[in-house]
>>> print(open('upload_37.tsv').read())   # TSV, N, CA and C atoms
chain	number	residue	atom	x	y	z
A	697	MET	N	0.86	-1.17	0.00
A	697	MET	CA	0.00	0.00	0.00
A	697	MET	C	0.90	1.23	0.00
A	698	THR	N	0.51	2.19	-0.71
A	698	THR	CA	1.31	3.41	-0.83
A	698	THR	C	0.82	4.46	0.16
A	699	SER	N	1.66	5.44	0.40
A	699	SER	CA	1.23	6.54	1.26
A	699	SER	C	0.51	7.62	0.45
A	700	LYS	N	0.42	7.43	-0.86
A	700	LYS	CA	-0.27	8.38	-1.73
A	700	LYS	C	-1.71	8.55	-1.25
A	701	GLY	N	-2.09	9.76	-0.92
A	701	GLY	CA	-3.45	10.01	-0.47
A	701	GLY	C	-3.69	9.68	0.99
A	702	THR	N	-2.63	9.29	1.70
A	702	THR	CA	-2.75	8.95	3.11
A	702	THR	C	-2.14	10.08	3.93
A	703	PRO	N	-2.90	10.65	4.88
A	703	PRO	CA	-2.31	11.70	5.71
A	703	PRO	C	-1.27	11.09	6.65
A	704	GLN	N	-0.43	11.93	7.21
A	704	GLN	CA	0.54	11.47	8.20
A	704	GLN	C	-0.23	11.16	9.49
A	705	ILE	N	-0.44	9.86	9.76
A	705	ILE	CA	-1.26	9.49	10.91
A	705	ILE	C	-0.40	9.30	12.16
A	706	LYS	N	-1.00	9.60	13.30
A	706	LYS	CA	-0.38	9.34	14.60
A	706	LYS	C	-0.93	8.00	15.08
A	707	GLN	N	-0.07	7.03	15.27
A	707	GLN	CA	-0.51	5.69	15.64
A	707	GLN	C	-0.91	5.62	17.11
A	708	THR	N	-2.09	6.17	17.41
A	708	THR	CA	-2.58	6.22	18.78
A	708	THR	C	-3.78	5.31	19.00
A	709	LEU	N	-4.30	4.73	17.93
A	709	LEU	CA	-5.49	3.88	18.03
A	709	LEU	C	-5.09	2.41	18.00
A	710	PRO	N	-5.91	1.54	18.60
A	710	PRO	CA	-5.59	0.10	18.56
A	710	PRO	C	-5.68	-0.44	17.13
A	711	ALA	N	-4.93	-1.49	16.89
A	711	ALA	CA	-4.94	-2.13	15.57
A	711	ALA	C	-6.34	-2.64	15.25
A	712	PRO	N	-6.68	-2.73	13.96
A	712	PRO	CA	-7.99	-3.29	13.61
A	712	PRO	C	-8.04	-4.77	14.01
A	713	GLU	N	-9.23	-5.22	14.31
A	713	GLU	CA	-9.43	-6.64	14.63
A	713	GLU	C	-9.94	-7.33	13.37
A	714	LEU	N	-9.31	-8.45	13.03
A	714	LEU	CA	-9.64	-9.22	11.83
A	714	LEU	C	-9.88	-10.66	12.26
A	715	PRO	N	-11.11	-11.00	12.69
A	715	PRO	CA	-11.37	-12.30	13.30
A	715	PRO	C	-11.03	-13.52	12.43
A	716	GLU	N	-11.09	-13.39	11.12
A	716	GLU	CA	-10.80	-14.55	10.26
A	716	GLU	C	-9.29	-14.76	10.05
A	717	VAL	N	-8.48	-13.81	10.47
A	717	VAL	CA	-7.03	-13.91	10.31
A	717	VAL	C	-6.45	-14.74	11.44
A	718	ARG	N	-5.68	-15.75	11.07
A	718	ARG	CA	-5.04	-16.64	12.05
A	718	ARG	C	-3.54	-16.66	11.77
A	719	ASN	N	-2.74	-16.35	12.78
A	719	ASN	CA	-1.28	-16.37	12.64
A	719	ASN	C	-0.81	-15.54	11.45
A	720	GLY	N	-1.43	-14.39	11.24
A	720	GLY	CA	-1.01	-13.48	10.19
A	720	GLY	C	-1.48	-13.83	8.79
A	721	ALA	N	-2.36	-14.83	8.67
A	721	ALA	CA	-2.84	-15.25	7.34
A	721	ALA	C	-4.35	-15.45	7.36
A	722	VAL	N	-4.96	-15.30	6.18
A	722	VAL	CA	-6.38	-15.58	6.04
A	722	VAL	C	-6.57	-16.46	4.81
A	723	SER	N	-7.34	-17.50	4.98
A	723	SER	CA	-7.68	-18.39	3.87
A	723	SER	C	-9.06	-17.99	3.36
A	724	LEU	N	-9.20	-17.92	2.05
A	724	LEU	CA	-10.49	-17.56	1.47
A	724	LEU	C	-11.60	-18.49	1.93
A	725	LYS	N	-11.26	-19.76	2.22
A	725	LYS	CA	-12.29	-20.70	2.66
A	725	LYS	C	-12.85	-20.34	4.03
A	726	ASP	N	-12.13	-19.50	4.80
A	726	ASP	CA	-12.59	-19.09	6.13
A	726	ASP	C	-13.30	-17.74	6.14
A	727	VAL	N	-13.42	-17.12	4.97
A	727	VAL	CA	-14.03	-15.79	4.89
A	727	VAL	C	-15.52	-15.94	4.55
A	728	PRO	N	-16.40	-15.37	5.36
A	728	PRO	CA	-17.84	-15.44	5.08
A	728	PRO	C	-18.19	-14.78	3.74
A	729	THR	N	-19.35	-15.09	3.24
A	729	THR	CA	-19.84	-14.52	1.98
A	729	THR	C	-19.83	-12.99	2.01
A	730	ALA	N	-20.13	-12.42	3.16
A	730	ALA	CA	-20.18	-10.95	3.30
A	730	ALA	C	-18.79	-10.33	3.18
A	731	GLY	N	-17.73	-11.11	3.38
A	731	GLY	CA	-16.36	-10.59	3.28
A	731	GLY	C	-15.63	-10.69	4.60
A	732	LEU	N	-14.35	-10.34	4.55
A	732	LEU	CA	-13.49	-10.36	5.73
A	732	LEU	C	-13.95	-9.29	6.71
A	733	ARG	N	-14.20	-9.69	7.95
A	733	ARG	CA	-14.63	-8.72	8.96
A	733	ARG	C	-13.44	-7.84	9.36
A	734	PHE	N	-13.66	-6.54	9.33
A	734	PHE	CA	-12.67	-5.54	9.70
A	734	PHE	C	-13.31	-4.73	10.81
A	735	ILE	N	-12.88	-4.99	12.05
A	735	ILE	CA	-13.50	-4.35	13.21
A	735	ILE	C	-12.64	-3.18	13.69
A	736	VAL	N	-13.26	-2.02	13.79
A	736	VAL	CA	-12.61	-0.84	14.35
A	736	VAL	C	-13.04	-0.78	15.82
A	737	PRO	N	-12.08	-0.99	16.73
A	737	PRO	CA	-12.44	-0.99	18.16
A	737	PRO	C	-12.86	0.39	18.67
A	738	GLU	N	-13.66	0.38	19.71
A	738	GLU	CA	-14.05	1.63	20.36
A	738	GLU	C	-12.81	2.29	20.95
A	739	HIS	N	-12.75	3.61	20.86
A	739	HIS	CA	-11.62	4.35	21.43
A	739	HIS	C	-12.05	5.79	21.69
A	740	SER	N	-11.48	6.40	22.72
A	740	SER	CA	-11.87	7.77	23.09
A	740	SER	C	-11.51	8.81	22.02
A	741	ASP	N	-10.59	8.48	21.09
A	741	ASP	CA	-10.26	9.42	20.01
A	741	ASP	C	-11.24	9.34	18.84
A	742	ILE	N	-12.21	8.41	18.89
A	742	ILE	CA	-13.23	8.30	17.84
A	742	ILE	C	-14.55	8.77	18.44
A	743	LYS	N	-15.05	9.86	17.90
A	743	LYS	CA	-16.24	10.49	18.47
A	743	LYS	C	-17.40	10.53	17.48
A	744	ASN	N	-18.59	10.78	18.01
A	744	ASN	CA	-19.79	10.92	17.19
A	744	ASN	C	-19.56	11.95	16.10
A	745	GLY	N	-19.89	11.60	14.85
A	745	GLY	CA	-19.73	12.51	13.72
A	745	GLY	C	-18.39	12.41	13.01
A	746	ASP	N	-17.40	11.74	13.63
A	746	ASP	CA	-16.10	11.57	12.97
A	746	ASP	C	-16.24	10.67	11.75
A	747	ILE	N	-15.35	10.88	10.78
A	747	ILE	CA	-15.27	10.01	9.62
A	747	ILE	C	-14.03	9.15	9.79
A	748	VAL	N	-14.23	7.83	9.76
A	748	VAL	CA	-13.12	6.90	9.89
A	748	VAL	C	-12.85	6.31	8.51
A	749	VAL	N	-11.60	6.38	8.08
A	749	VAL	CA	-11.17	5.84	6.80
A	749	VAL	C	-10.55	4.46	7.07
A	750	VAL	N	-11.03	3.45	6.36
A	750	VAL	CA	-10.56	2.08	6.52
A	750	VAL	C	-9.92	1.67	5.21
A	751	ARG	N	-8.71	1.08	5.29
A	751	ARG	CA	-8.00	0.70	4.07
A	751	ARG	C	-7.41	-0.70	4.21
A	752	PHE	N	-7.49	-1.46	3.12
A	752	PHE	CA	-6.94	-2.82	3.05
A	752	PHE	C	-6.35	-3.01	1.67
A	753	GLY	N	-5.05	-3.26	1.59
A	753	GLY	CA	-4.43	-3.42	0.28
A	753	GLY	C	-2.99	-3.85	0.36
A	754	GLU	N	-2.40	-4.03	-0.81
A	754	GLU	CA	-1.03	-4.51	-0.95
A	754	GLU	C	-0.05	-3.34	-0.92
A	755	ALA	N	1.15	-3.58	-0.42
A	755	ALA	CA	2.19	-2.55	-0.43
A	755	ALA	C	2.46	-2.14	-1.88
A	756	GLY	N	2.48	-0.83	-2.13
A	756	GLY	CA	2.71	-0.32	-3.47
A	756	GLY	C	1.45	-0.24	-4.33
A	757	ASP	N	0.33	-0.65	-3.78
A	757	ASP	CA	-0.94	-0.65	-4.51
A	757	ASP	C	-1.53	0.76	-4.49
A	758	ASP	N	-1.70	1.35	-5.67
A	758	ASP	CA	-2.28	2.70	-5.74
A	758	ASP	C	-3.80	2.69	-5.58
A	759	CYS	N	-4.42	1.52	-5.64
A	759	CYS	CA	-5.88	1.43	-5.54
A	759	CYS	C	-6.29	0.37	-4.52
A	760	PRO	N	-5.89	0.53	-3.26
A	760	PRO	CA	-6.33	-0.45	-2.28
A	760	PRO	C	-7.82	-0.30	-2.03
A	761	TRP	N	-8.41	-1.29	-1.36
A	761	TRP	CA	-9.82	-1.17	-0.98
A	761	TRP	C	-9.86	-0.14	0.15
A	762	GLU	N	-10.73	0.85	-0.02
A	762	GLU	CA	-10.86	1.90	0.98
A	762	GLU	C	-12.32	2.28	1.09
A	763	THR	N	-12.75	2.51	2.30
A	763	THR	CA	-14.11	2.98	2.53
A	763	THR	C	-14.09	3.96	3.70
A	764	LYS	N	-15.13	4.77	3.76
A	764	LYS	CA	-15.26	5.73	4.86
A	764	LYS	C	-16.54	5.43	5.61
A	765	HIS	N	-16.47	5.60	6.91
A	765	HIS	CA	-17.62	5.33	7.78
A	765	HIS	C	-17.81	6.53	8.70
A	766	THR	N	-19.01	7.09	8.70
A	766	THR	CA	-19.32	8.18	9.61
A	766	THR	C	-19.84	7.58	10.91
A	767	VAL	N	-19.19	7.93	12.00
A	767	VAL	CA	-19.52	7.38	13.31
A	767	VAL	C	-20.80	8.03	13.81
A	768	ASP	N	-21.81	7.18	14.09
A	768	ASP	CA	-23.07	7.73	14.63
A	768	ASP	C	-23.15	7.51	16.14
A	769	ARG	N	-22.34	6.61	16.64
A	769	ARG	CA	-22.18	6.40	18.08
A	769	ARG	C	-20.73	5.97	18.30
A	770	PRO	N	-20.07	6.48	19.30
A	770	PRO	CA	-18.67	6.12	19.52
A	770	PRO	C	-18.49	4.74	20.14
A	771	VAL	N	-18.79	3.71	19.34
A	771	VAL	CA	-18.61	2.32	19.76
A	771	VAL	C	-17.84	1.60	18.65
A	772	SER	N	-17.40	0.38	18.93
A	772	SER	CA	-16.72	-0.37	17.87
A	772	SER	C	-17.72	-0.65	16.74
A	773	PHE	N	-17.20	-0.82	15.53
A	773	PHE	CA	-18.08	-1.15	14.40
A	773	PHE	C	-17.33	-2.06	13.45
A	774	THR	N	-18.11	-2.79	12.64
A	774	THR	CA	-17.55	-3.77	11.72
A	774	THR	C	-17.88	-3.40	10.28
A	775	LEU	N	-16.86	-3.44	9.44
A	775	LEU	CA	-17.02	-3.29	8.00
A	775	LEU	C	-16.55	-4.60	7.37
A	776	HIS	N	-16.83	-4.81	6.11
A	776	HIS	CA	-16.45	-6.05	5.44
A	776	HIS	C	-15.63	-5.77	4.19
A	777	VAL	N	-14.42	-6.37	4.13
A	777	VAL	CA	-13.60	-6.30	2.92
A	777	VAL	C	-14.18	-7.34	1.96
A	778	PRO	N	-14.66	-6.92	0.79
A	778	PRO	CA	-15.30	-7.86	-0.14
A	778	PRO	C	-14.38	-9.02	-0.55
A	779	ARG	N	-14.99	-10.18	-0.76
A	779	ARG	CA	-14.24	-11.37	-1.19
A	779	ARG	C	-13.51	-11.11	-2.51
A	780	THR	N	-14.09	-10.30	-3.40
A	780	THR	CA	-13.43	-10.02	-4.68
A	780	THR	C	-12.09	-9.32	-4.46
A	781	VAL	N	-12.00	-8.48	-3.45
A	781	VAL	CA	-10.74	-7.81	-3.11
A	781	VAL	C	-9.73	-8.86	-2.66
A	782	LEU	N	-10.19	-9.78	-1.82
A	782	LEU	CA	-9.30	-10.83	-1.33
A	782	LEU	C	-8.83	-11.74	-2.47
A	783	LEU	N	-9.73	-12.04	-3.41
A	783	LEU	CA	-9.35	-12.87	-4.55
A	783	LEU	C	-8.21	-12.21	-5.33
A	784	ASP	N	-8.29	-10.89	-5.51
A	784	ASP	CA	-7.24	-10.16	-6.23
A	784	ASP	C	-5.91	-10.17	-5.46
A	785	LEU	N	-5.99	-10.35	-4.15
A	785	LEU	CA	-4.79	-10.32	-3.31
A	785	LEU	C	-4.27	-11.71	-2.96
A	786	THR	N	-4.87	-12.76	-3.50
A	786	THR	CA	-4.45	-14.13	-3.19
A	786	THR	C	-2.96	-14.31	-3.50
A	787	GLY	N	-2.24	-14.85	-2.52
A	787	GLY	CA	-0.81	-15.07	-2.66
A	787	GLY	C	0.04	-13.86	-2.30
A	788	LYS	N	-0.60	-12.78	-1.88
A	788	LYS	CA	0.11	-11.55	-1.55
A	788	LYS	C	-0.11	-11.20	-0.08
A	789	THR	N	0.67	-10.25	0.39
A	789	THR	CA	0.49	-9.73	1.74
A	789	THR	C	-0.22	-8.39	1.63
A	790	ALA	N	-1.33	-8.28	2.33
A	790	ALA	CA	-2.10	-7.04	2.37
A	790	ALA	C	-1.91	-6.39	3.74
A	791	TYR	N	-2.26	-5.12	3.81
A	791	TYR	CA	-2.12	-4.38	5.07
A	791	TYR	C	-3.45	-3.73	5.41
A	792	ALA	N	-3.86	-3.90	6.67
A	792	ALA	CA	-5.11	-3.33	7.17
A	792	ALA	C	-4.76	-2.16	8.11
A	793	VAL	N	-5.40	-1.03	7.88
A	793	VAL	CA	-5.15	0.16	8.69
A	793	VAL	C	-6.40	1.04	8.66
A	794	TYR	N	-6.56	1.89	9.67
A	794	TYR	CA	-7.65	2.87	9.67
A	794	TYR	C	-7.19	4.12	10.39
A	795	TRP	N	-7.87	5.24	10.11
A	795	TRP	CA	-7.56	6.49	10.78
A	795	TRP	C	-8.81	7.36	10.81
A	796	VAL	N	-8.79	8.34	11.73
A	796	VAL	CA	-9.87	9.32	11.83
A	796	VAL	C	-9.48	10.48	10.92
A	797	ASP	N	-10.41	10.88	10.05
A	797	ASP	CA	-10.14	11.89	9.04
A	797	ASP	C	-10.28	13.30	9.61
A	798	LYS	N	-9.40	13.62	10.56
A	798	LYS	CA	-9.34	14.97	11.14
A	798	LYS	C	-7.95	15.15	11.73
A	799	HIS	N	-7.46	16.36	11.68
A	799	HIS	CA	-6.14	16.65	12.21
A	799	HIS	C	-6.14	16.44	13.71
A	800	PRO	N	-5.22	15.76	14.32
A	800	PRO	CA	-3.91	15.31	13.84
A	800	PRO	C	-3.92	13.88	13.28
A	801	TYR	N	-5.04	13.42	12.74
A	801	TYR	CA	-5.18	12.12	12.10
A	801	TYR	C	-4.77	10.95	13.00
A	802	PRO	N	-5.50	10.75	14.12
A	802	PRO	CA	-5.20	9.57	14.93
A	802	PRO	C	-5.50	8.31	14.11
A	803	GLY	N	-4.61	7.36	14.17
A	803	GLY	CA	-4.79	6.14	13.38
A	803	GLY	C	-4.21	4.92	14.05
A	804	SER	N	-4.37	3.81	13.40
A	804	SER	CA	-3.88	2.53	13.92
A	804	SER	C	-2.56	2.18	13.26
A	805	ARG	N	-1.86	1.24	13.84
A	805	ARG	CA	-0.71	0.67	13.13
A	805	ARG	C	-1.28	-0.28	12.10
A	806	SER	N	-0.52	-0.54	11.06
A	806	SER	CA	-1.03	-1.45	10.02
A	806	SER	C	-0.79	-2.89	10.46
A	807	VAL	N	-1.68	-3.76	10.02
A	807	VAL	CA	-1.58	-5.19	10.32
A	807	VAL	C	-1.37	-5.93	9.00
A	808	ALA	N	-0.27	-6.70	8.92
A	808	ALA	CA	0.03	-7.47	7.71
A	808	ALA	C	-0.80	-8.75	7.70
A	809	VAL	N	-1.37	-9.07	6.52
A	809	VAL	CA	-2.21	-10.26	6.36
A	809	VAL	C	-1.83	-10.96	5.07
A	810	LYS	N	-1.36	-12.20	5.16
A	810	LYS	CA	-1.07	-13.02	3.98
A	810	LYS	C	-2.39	-13.64	3.53
A	811	VAL	N	-2.78	-13.40	2.27
A	811	VAL	CA	-4.05	-13.91	1.74
A	811	VAL	C	-3.76	-15.21	0.98
A	812	THR	N	-4.41	-16.30	1.40
A	812	THR	CA	-4.20	-17.60	0.77
A	812	THR	C	-5.54	-18.16	0.28
A	813	HIS	N	-5.44	-19.20	-0.55
A	813	HIS	CA	-6.67	-19.84	-1.06
A	813	HIS	C	-7.29	-20.72	-0.03
>>> encode(input="upload_37.tsv", output="C-alpha coordinates")
Amino acid sequence: MTSKGTPQIKQTLPAPELPEVRNGAVSLKDVPTAGLRFIVPEHSDIKNGDIVVVRFGEAGDDCPWETKHTVDRPVSFTLHVPRTVLLDLTGKTAYAVYWVDKHPYPGSRSVAVKVTH
(Lines of atoms letter the chains of each structure in order from A and count residues from 1; the text may use other names and numbers.)
(Lines give C-alpha, C1' and ligand atoms only; values in the text may rest on other atoms or scores of the structure.)
Protein backbone atom coordinates (compact mmCIF):
# COMPACT_ATOMS: atom_id res chain seq x y z
CA MET A 1 0.00 0.00 0.00
CA THR A 2 1.31 3.41 -0.83
CA SER A 3 1.23 6.54 1.26
CA LYS A 4 -0.27 8.38 -1.73
CA GLY A 5 -3.45 10.01 -0.47
CA THR A 6 -2.75 8.95 3.11
CA PRO A 7 -2.31 11.70 5.71
CA GLN A 8 0.54 11.47 8.20
CA ILE A 9 -1.26 9.49 10.91
CA LYS A 10 -0.38 9.34 14.60
CA GLN A 11 -0.51 5.69 15.64
CA THR A 12 -2.58 6.22 18.78
CA LEU A 13 -5.49 3.88 18.03
CA PRO A 14 -5.59 0.10 18.56
CA ALA A 15 -4.94 -2.13 15.57
CA PRO A 16 -7.99 -3.29 13.61
CA GLU A 17 -9.43 -6.64 14.63
CA LEU A 18 -9.64 -9.22 11.83
CA PRO A 19 -11.37 -12.30 13.30
CA GLU A 20 -10.80 -14.55 10.26
CA VAL A 21 -7.03 -13.91 10.31
CA ARG A 22 -5.04 -16.64 12.05
CA ASN A 23 -1.28 -16.37 12.64
CA GLY A 24 -1.01 -13.48 10.19
CA ALA A 25 -2.84 -15.25 7.34
CA VAL A 26 -6.38 -15.58 6.04
CA SER A 27 -7.68 -18.39 3.87
CA LEU A 28 -10.49 -17.56 1.47
CA LYS A 29 -12.29 -20.70 2.66
CA ASP A 30 -12.59 -19.09 6.13
CA VAL A 31 -14.03 -15.79 4.89
CA PRO A 32 -17.84 -15.44 5.08
CA THR A 33 -19.84 -14.52 1.98
CA ALA A 34 -20.18 -10.95 3.30
CA GLY A 35 -16.36 -10.59 3.28
CA LEU A 36 -13.49 -10.36 5.73
CA ARG A 37 -14.63 -8.72 8.96
CA PHE A 38 -12.67 -5.54 9.70
CA ILE A 39 -13.50 -4.35 13.21
CA VAL A 40 -12.61 -0.84 14.35
CA PRO A 41 -12.44 -0.99 18.16
CA GLU A 42 -14.05 1.63 20.36
CA HIS A 43 -11.62 4.35 21.43
CA SER A 44 -11.87 7.77 23.09
CA ASP A 45 -10.26 9.42 20.01
CA ILE A 46 -13.23 8.30 17.84
CA LYS A 47 -16.24 10.49 18.47
CA ASN A 48 -19.79 10.92 17.19
CA GLY A 49 -19.73 12.51 13.72
CA ASP A 50 -16.10 11.57 12.97
CA ILE A 51 -15.27 10.01 9.62
CA VAL A 52 -13.12 6.90 9.89
CA VAL A 53 -11.17 5.84 6.80
CA VAL A 54 -10.56 2.08 6.52
CA ARG A 55 -8.00 0.70 4.07
CA PHE A 56 -6.94 -2.82 3.05
CA GLY A 57 -4.43 -3.42 0.28
CA GLU A 58 -1.03 -4.51 -0.95
CA ALA A 59 2.19 -2.55 -0.43
CA GLY A 60 2.71 -0.32 -3.47
CA ASP A 61 -0.94 -0.65 -4.51
CA ASP A 62 -2.28 2.70 -5.74
CA CYS A 63 -5.88 1.43 -5.54
CA PRO A 64 -6.33 -0.45 -2.28
CA TRP A 65 -9.82 -1.17 -0.98
CA GLU A 66 -10.86 1.90 0.98
CA THR A 67 -14.11 2.98 2.53
CA LYS A 68 -15.26 5.73 4.86
CA HIS A 69 -17.62 5.33 7.78
CA THR A 70 -19.32 8.18 9.61
CA VAL A 71 -19.52 7.38 13.31
CA ASP A 72 -23.07 7.73 14.63
CA ARG A 73 -22.18 6.40 18.08
CA PRO A 74 -18.67 6.12 19.52
CA VAL A 75 -18.61 2.32 19.76
CA SER A 76 -16.72 -0.37 17.87
CA PHE A 77 -18.08 -1.15 14.40
CA THR A 78 -17.55 -3.77 11.72
CA LEU A 79 -17.02 -3.29 8.00
CA HIS A 80 -16.45 -6.05 5.44
CA VAL A 81 -13.60 -6.30 2.92
CA PRO A 82 -15.30 -7.86 -0.14
CA ARG A 83 -14.24 -11.37 -1.19
CA THR A 84 -13.43 -10.02 -4.68
CA VAL A 85 -10.74 -7.81 -3.11
CA LEU A 86 -9.30 -10.83 -1.33
CA LEU A 87 -9.35 -12.87 -4.55
CA ASP A 88 -7.24 -10.16 -6.23
CA LEU A 89 -4.79 -10.32 -3.31
CA THR A 90 -4.45 -14.13 -3.19
CA GLY A 91 -0.81 -15.07 -2.66
CA LYS A 92 0.11 -11.55 -1.55
CA THR A 93 0.49 -9.73 1.74
CA ALA A 94 -2.10 -7.04 2.37
CA TYR A 95 -2.12 -4.38 5.07
CA ALA A 96 -5.11 -3.33 7.17
CA VAL A 97 -5.15 0.16 8.69
CA TYR A 98 -7.65 2.87 9.67
CA TRP A 99 -7.56 6.49 10.78
CA VAL A 100 -9.87 9.32 11.83
CA ASP A 101 -10.14 11.89 9.04
CA LYS A 102 -9.34 14.97 11.14
CA HIS A 103 -6.14 16.65 12.21
CA PRO A 104 -3.91 15.31 13.84
CA TYR A 105 -5.18 12.12 12.10
CA PRO A 106 -5.20 9.57 14.93
CA GLY A 107 -4.79 6.14 13.38
CA SER A 108 -3.88 2.53 13.92
CA ARG A 109 -0.71 0.67 13.13
CA SER A 110 -1.03 -1.45 10.02
CA VAL A 111 -1.58 -5.19 10.32
CA ALA A 112 0.03 -7.47 7.71
CA VAL A 113 -2.21 -10.26 6.36
CA LYS A 114 -1.07 -13.02 3.98
CA VAL A 115 -4.05 -13.91 1.74
CA THR A 116 -4.20 -17.60 0.77
CA HIS A 117 -6.67 -19.84 -1.06
>>> closest_atom_pairs(input="upload_37.tsv", of="stretch 774-794 of chain A", to="stretch 706-720 of chain A", cutoff="9 Å", atoms="only C-alpha atoms", output="JSON lines")
{"residue": "A:Ala792", "atom": "CA", "partner": "A:Pro712", "partner_atom": "CA", "distance": 7.1}
{"residue": "A:Val793", "atom": "CA", "partner": "A:Pro712", "partner_atom": "CA", "distance": 6.6}
{"residue": "A:Tyr794", "atom": "CA", "partner": "A:Pro712", "partner_atom": "CA", "distance": 7.3}
>>> atom_distance(input="upload_37.tsv", atom1="atom CA of A:Val781", atom2="atom N of A:Trp761")
7.1 Å
>>> closest_residue(input="upload_37.tsv", among="A:Lys798, A:Val807, A:Ala790, A:His813", to="A:Glu754", atoms="only C-alpha atoms")
A:Ala790
>>> residues_around(input="upload_37.tsv", residues="A:Thr763", least_positions_apart="6", cutoff="6.5 Å", atoms="only N, CA and C atoms", output="PyMOL selection string")
chain A and resi 748-751
>>> select_by_dssp(input="upload_37.tsv", residues="chain A", states="alpha helix (DSSP H)", output="PyMOL selection string")
chain A and resi 779-784
>>> residues_near_point(input="upload_37.tsv", point="(-13.0, 3.9, 15.6)", cutoff="8 Å", atoms="only N, CA and C atoms", output="mmCIF file with N, CA and C atoms, in the coordinates of the input")
data_model
loop_
_atom_site.group_PDB
_atom_site.id
_atom_site.type_symbol
_atom_site.label_atom_id
_atom_site.label_comp_id
_atom_site.auth_asym_id
_atom_site.auth_seq_id
_atom_site.Cartn_x
_atom_site.Cartn_y
_atom_site.Cartn_z
ATOM 1 N N LEU A 709 -4.300 4.730 17.930
ATOM 2 C CA LEU A 709 -5.490 3.880 18.030
ATOM 3 C C LEU A 709 -5.090 2.410 18.000
ATOM 4 N N ILE A 735 -12.880 -4.990 12.050
ATOM 5 C CA ILE A 735 -13.500 -4.350 13.210
ATOM 6 C C ILE A 735 -12.640 -3.180 13.690
ATOM 7 N N VAL A 736 -13.260 -2.020 13.790
ATOM 8 C CA VAL A 736 -12.610 -0.840 14.350
ATOM 9 C C VAL A 736 -13.040 -0.780 15.820
ATOM 10 N N PRO A 737 -12.080 -0.990 16.730
ATOM 11 C CA PRO A 737 -12.440 -0.990 18.160
ATOM 12 C C PRO A 737 -12.860 0.390 18.670
ATOM 13 N N GLU A 738 -13.660 0.380 19.710
ATOM 14 C CA GLU A 738 -14.050 1.630 20.360
ATOM 15 C C GLU A 738 -12.810 2.290 20.950
ATOM 16 N N HIS A 739 -12.750 3.610 20.860
ATOM 17 C CA HIS A 739 -11.620 4.350 21.430
ATOM 18 C C HIS A 739 -12.050 5.790 21.690
ATOM 19 N N SER A 740 -11.480 6.400 22.720
ATOM 20 C CA SER A 740 -11.870 7.770 23.090
ATOM 21 C C SER A 740 -11.510 8.810 22.020
ATOM 22 N N ASP A 741 -10.590 8.480 21.090
ATOM 23 C CA ASP A 741 -10.260 9.420 20.010
ATOM 24 C C ASP A 741 -11.240 9.340 18.840
ATOM 25 N N ILE A 742 -12.210 8.410 18.890
ATOM 26 C CA ILE A 742 -13.230 8.300 17.840
ATOM 27 C C ILE A 742 -14.550 8.770 18.440
ATOM 28 N N LYS A 743 -15.050 9.860 17.900
ATOM 29 C CA LYS A 743 -16.240 10.490 18.470
ATOM 30 C C LYS A 743 -17.400 10.530 17.480
ATOM 31 N N ILE A 747 -15.350 10.880 10.780
ATOM 32 C CA ILE A 747 -15.270 10.010 9.620
ATOM 33 C C ILE A 747 -14.030 9.150 9.790
ATOM 34 N N VAL A 748 -14.230 7.830 9.760
ATOM 35 C CA VAL A 748 -13.120 6.900 9.890
ATOM 36 C C VAL A 748 -12.850 6.310 8.510
ATOM 37 N N VAL A 767 -19.190 7.930 12.000
ATOM 38 C CA VAL A 767 -19.520 7.380 13.310
ATOM 39 C C VAL A 767 -20.800 8.030 13.810
ATOM 40 N N PRO A 770 -20.070 6.480 19.300
ATOM 41 C CA PRO A 770 -18.670 6.120 19.520
ATOM 42 C C PRO A 770 -18.490 4.740 20.140
ATOM 43 N N VAL A 771 -18.790 3.710 19.340
ATOM 44 C CA VAL A 771 -18.610 2.320 19.760
ATOM 45 C C VAL A 771 -17.840 1.600 18.650
ATOM 46 N N SER A 772 -17.400 0.380 18.930
ATOM 47 C CA SER A 772 -16.720 -0.370 17.870
ATOM 48 C C SER A 772 -17.720 -0.650 16.740
ATOM 49 N N PHE A 773 -17.200 -0.820 15.530
ATOM 50 C CA PHE A 773 -18.080 -1.150 14.400
ATOM 51 C C PHE A 773 -17.330 -2.060 13.450
ATOM 52 N N TYR A 794 -6.560 1.890 9.670
ATOM 53 C CA TYR A 794 -7.650 2.870 9.670
ATOM 54 C C TYR A 794 -7.190 4.120 10.390
ATOM 55 N N TRP A 795 -7.870 5.240 10.110
ATOM 56 C CA TRP A 795 -7.560 6.490 10.780
ATOM 57 C C TRP A 795 -8.810 7.360 10.810
ATOM 58 N N VAL A 796 -8.790 8.340 11.730
ATOM 59 C CA VAL A 796 -9.870 9.320 11.830
ATOM 60 C C VAL A 796 -9.480 10.480 10.920
#
